[in-house]
Amino acid sequence: MKSVILTILAIILVTCGFSQNINSISILPANPENTDFIKVVVNSSMNTTDCWISTSSVTSTGNNHSIIGAHCSGLAQQVCTKSDTYNLGVLSAGTHDVSYDLFYGNLSSGQTQCSSFIFGDSLSMSFDVSNASGGLPIEIHPQGSHDICKGDSFYIHVDAFGQSTYKWLLNGTEIYSGTNHFIWAKDSGAYQVKAFANGDSGTSAAVLINVQSAPTDILAQTDYTLTTDYLSSSYQWHKIGVGPIIGADSHQIEITQNGEYFIELLSNAGCVGYSDTLYVELIDAFVEPSDSSVGCSNDSILLTAFPSGAEYSYQWFRDGFALSGAIQSTLIPFLSGQYKVSVSISQSIDTSQLHYAILHPSPTPTISYDGANLFSSKAFAYQWFLSVSGKINGANYSIHTPTSTGLYYVEVVDSNGCLGKSAGYAIVAVGIEDSNPFGLSIIQQNGWLHISHVVSKSIPFRIIDITGQQVYLGNLSSFNTTIEVGQWTAGVYIIQTLDNTLLNRKVIIH
């Protein structure tokens with residue numbers, strides 16, 4: 001009773017427009033030999049959501065092969081396309097026939113598997129199985145070994161004869177698109193072809209194809225000369241935007257115009273290649289001032305590189321060695337030497353002519369004192385100074401007689417015109433004896449200066465340092481005066497009265 005119900009449902013679905021179609025039957029491999037494991041691929045369509053195969057069978061009698069496929073289908077109307085593969089196995093050489101019968105079943109509500117099937121469609125085909133060691137004579141033309149350039153292809157073929165099919169191989173592996181009696185070889189390796197005709201086959205000897213790489217090179221640039229080190233069979237320089245440069249057919253070229261350049265190269269195998277491209281901008285590097293520089297070590301000689309601009313890069317050299325960090329357009333040299341600068345932009349670079357800089361050392365005069373006069377070490381010209389008042393007019397000899405307390409120094413000019421200044425020399429209480437008409441008693445204790453005297457009146461006074469600078473101003477009070485000196489610099493100081501009395505007393509603060 002149940003099978004009757006399923007049959008009725010199937011009839012109803014057919015009546016409602018349910019259909020099944022076998023689209024194609026194909027053989028794997030496409031040109032089978034009697035040593036291949038052969039398969040049949042069937043592609044079918046149904047207007048339903050599901051179309052899985054439920055059961056199948058393969059029956060072979062001699063060279064005739066019958067296949068039955070039963071598909072279980074859903075209820076919804078939506079096309080389902082399915083490919084199923086069936087194994088025939090290793091077959092004998094000759095012509096074989098295969099037929100395929102499609103059956104379908106339908107699920108009822110609550111079912112998970114079809115219980116009955118109805119015939120849907122059928123399709124047949126024939127195919128040939130060749131002898132793997134067939135005797136078909138086949139030969140590739142041209143024979144031998146051939147060199148081609150990368151990116152090129154080489155035409156090889158066999159003599160076509162009627163009703164033949166072909167399978168090209170590269171290093172023993174089938175070339176998917178190689179099914180004609182010719183092929184354009186573009187990869188290195190051993191090419192062979194198998195031919196199939198009248199149940200027989202044949203395999204050619206191999207033809208070797210060698211793919212040669214195109215030549216390449218990275219150009220070198222020295223000033224305005226471009227060079228390739230690739231040993232080419234021929235050379236041809238090009239300028240982008242212009243094309244080949246007439247007569248530029250050696251490994252070097254001298255650039256006379258701004259632009260981008262490359263060279264065309266030819267390998268021994270006849271392959272054409274190209275170098276990289278270099279942009280060359282003509283640069284005329286030079287240094288100002290153009291003449292040699294002569295100065296003193298404490299002067300600021302300024303060298304400036306040209307052309308100048310943020311788009312350029314710079315490197316300064318002294319005596320042939322690059323100066324670390326000297327990468328600006330200007331340079332202040334501190335040593336004598338031969339200076340030059342390299343100016344570059346993109347891949348272009350130019351180096352200036354040498355600039356000679358002579359820097360004389362600045363003199364360092366010394367001062368001596370004999371108790372009455374100051375003496376400068378030997379120089380070409382002199383000028384004496386007092387730190388308090390500055391330049392001493394007329395004091396332009398190697399000897400100077402100091403007339404006041406203070407710190408003296410001398411500036412000199414040597415025979416190279418270089419200026420130098422001595423260290424200071426302190427003169428204390430010049431021309432006056434250390435006098436003490438008031439019977440001063442001076443004691444320094446715990447940062448305080450205690451001054452006592454025998455005068456019964458107040459006397460104005462000051463204290464100066466050895467440079468003549470006043471550091472204290474006050475009055476000597478009756479009999480005793482106290483001054484805080486804890487923050488004073490240790491050294492020699494002088495107490496002087498400011499009235500007509502003569503007091504010039506040296507005090508050492510420590």
# chains A, B, ... in the order shown; residues from 1 in each chain; ligands from 1
$ residues_around --residues "Leu88 (chain A)" --least-positions-apart "2" --cutoff "12 Å" --atoms "only C-alpha atoms" --output "PyMOL selection string"
chain A and resi 27-29+32+34+36-41+57-67+85-86+90-92+96-98
$ residues_around --residues "Ile68 (chain A)" --least-positions-apart "2" --cutoff "6 Å" --atoms "only C-alpha atoms" --output "list in words"
Ser56, Ser57, Tyr100 and Asp101 of chain A
$ closest_residue --among "A:Phe317, A:Cys149, A:Asn396, A:Val158" --to "Leu266 (chain A)" --atoms "only C-alpha atoms"
A:Cys149
$ residues_around --residues "Gly447 (chain A)" --least-positions-apart "3" --cutoff "12 Å" --atoms "only C-alpha atoms" --output "PyMOL selection string"
chain A and resi 443-444+450+482-490+509-510
$ closest_residue --among "A:Thr216, A:Gln236, A:Gly320, A:Leu331" --to "Asp276 (chain A)" --atoms "only C-alpha atoms"
A:Thr216
$ residues_around --residues "Cys271 (chain A)" --least-positions-apart "5" --cutoff "9 Å" --atoms "only C-alpha atoms" --output "short mmCIF file (atom, residue, chain, number, x, y, z; two decimals) with C-alpha atoms, in the first residue's frame"
data_model
loop_
_atom_site.label_atom_id
_atom_site.label_comp_id
_atom_site.auth_asym_id
_atom_site.auth_seq_id
_atom_site.Cartn_x
_atom_site.Cartn_y
_atom_site.Cartn_z
CA ILE A 148 64.05 31.31 -26.26
CA CYS A 149 63.89 34.55 -24.29
CA LYS A 150 61.66 34.98 -21.27
CA GLN A 212 66.78 32.53 -21.09
CA SER A 213 66.36 35.53 -18.80
CA ALA A 214 66.57 39.02 -20.27
CA PRO A 215 69.70 40.97 -19.24
CA LEU A 265 71.33 45.31 -23.62
CA LEU A 266 71.63 42.12 -25.69
#
$ closest_residue --among "A:Thr227, A:Ala160, A:Met46, A:Gln143" --to "Ala190 (chain A)" --atoms "only C-alpha atoms"
A:Gln143
$ closest_residue --among "A:Gly270, A:Tyr339, A:Tyr191, A:Ile358" --to "Ser293 (chain A)" --atoms "only C-alpha atoms"
A:Ile358
$ residues_around --residues "Gly390 (chain A)" --least-positions-apart "5" --cutoff "12 Å" --atoms "only C-alpha atoms" --output "PyMOL selection string"
chain A and resi 383-385+395+406-411+467
$ closest_residue --among "A:Ser344, A:Trp168, A:Cys296, A:Ser116" --to "Gln315 (chain A)" --atoms "only C-alpha atoms"
A:Ser344
$ atom_distance --atom1 "CA of Ile451 (chain A)" --atom2 "CA of Val388 (chain A)"
27.5 Å
$ select_by_dssp --residues "region 163-349 of chain A" --states "strand (DSSP E or B)" --output "PyMOL selection string"
chain A and resi 165-170+173-174+182-185+189-197+200-203+207-212+216-217+220-222+225-227+235-239+243-244+252-254+259-266+272-275+278-280+286-288+293-296+303-306+313-318+321-322+330-331+337-345+348-349
$ atom_distance --atom1 "CA of Leu208 (chain A)" --atom2 "CA of Leu136 (chain A)"
21.6 Å
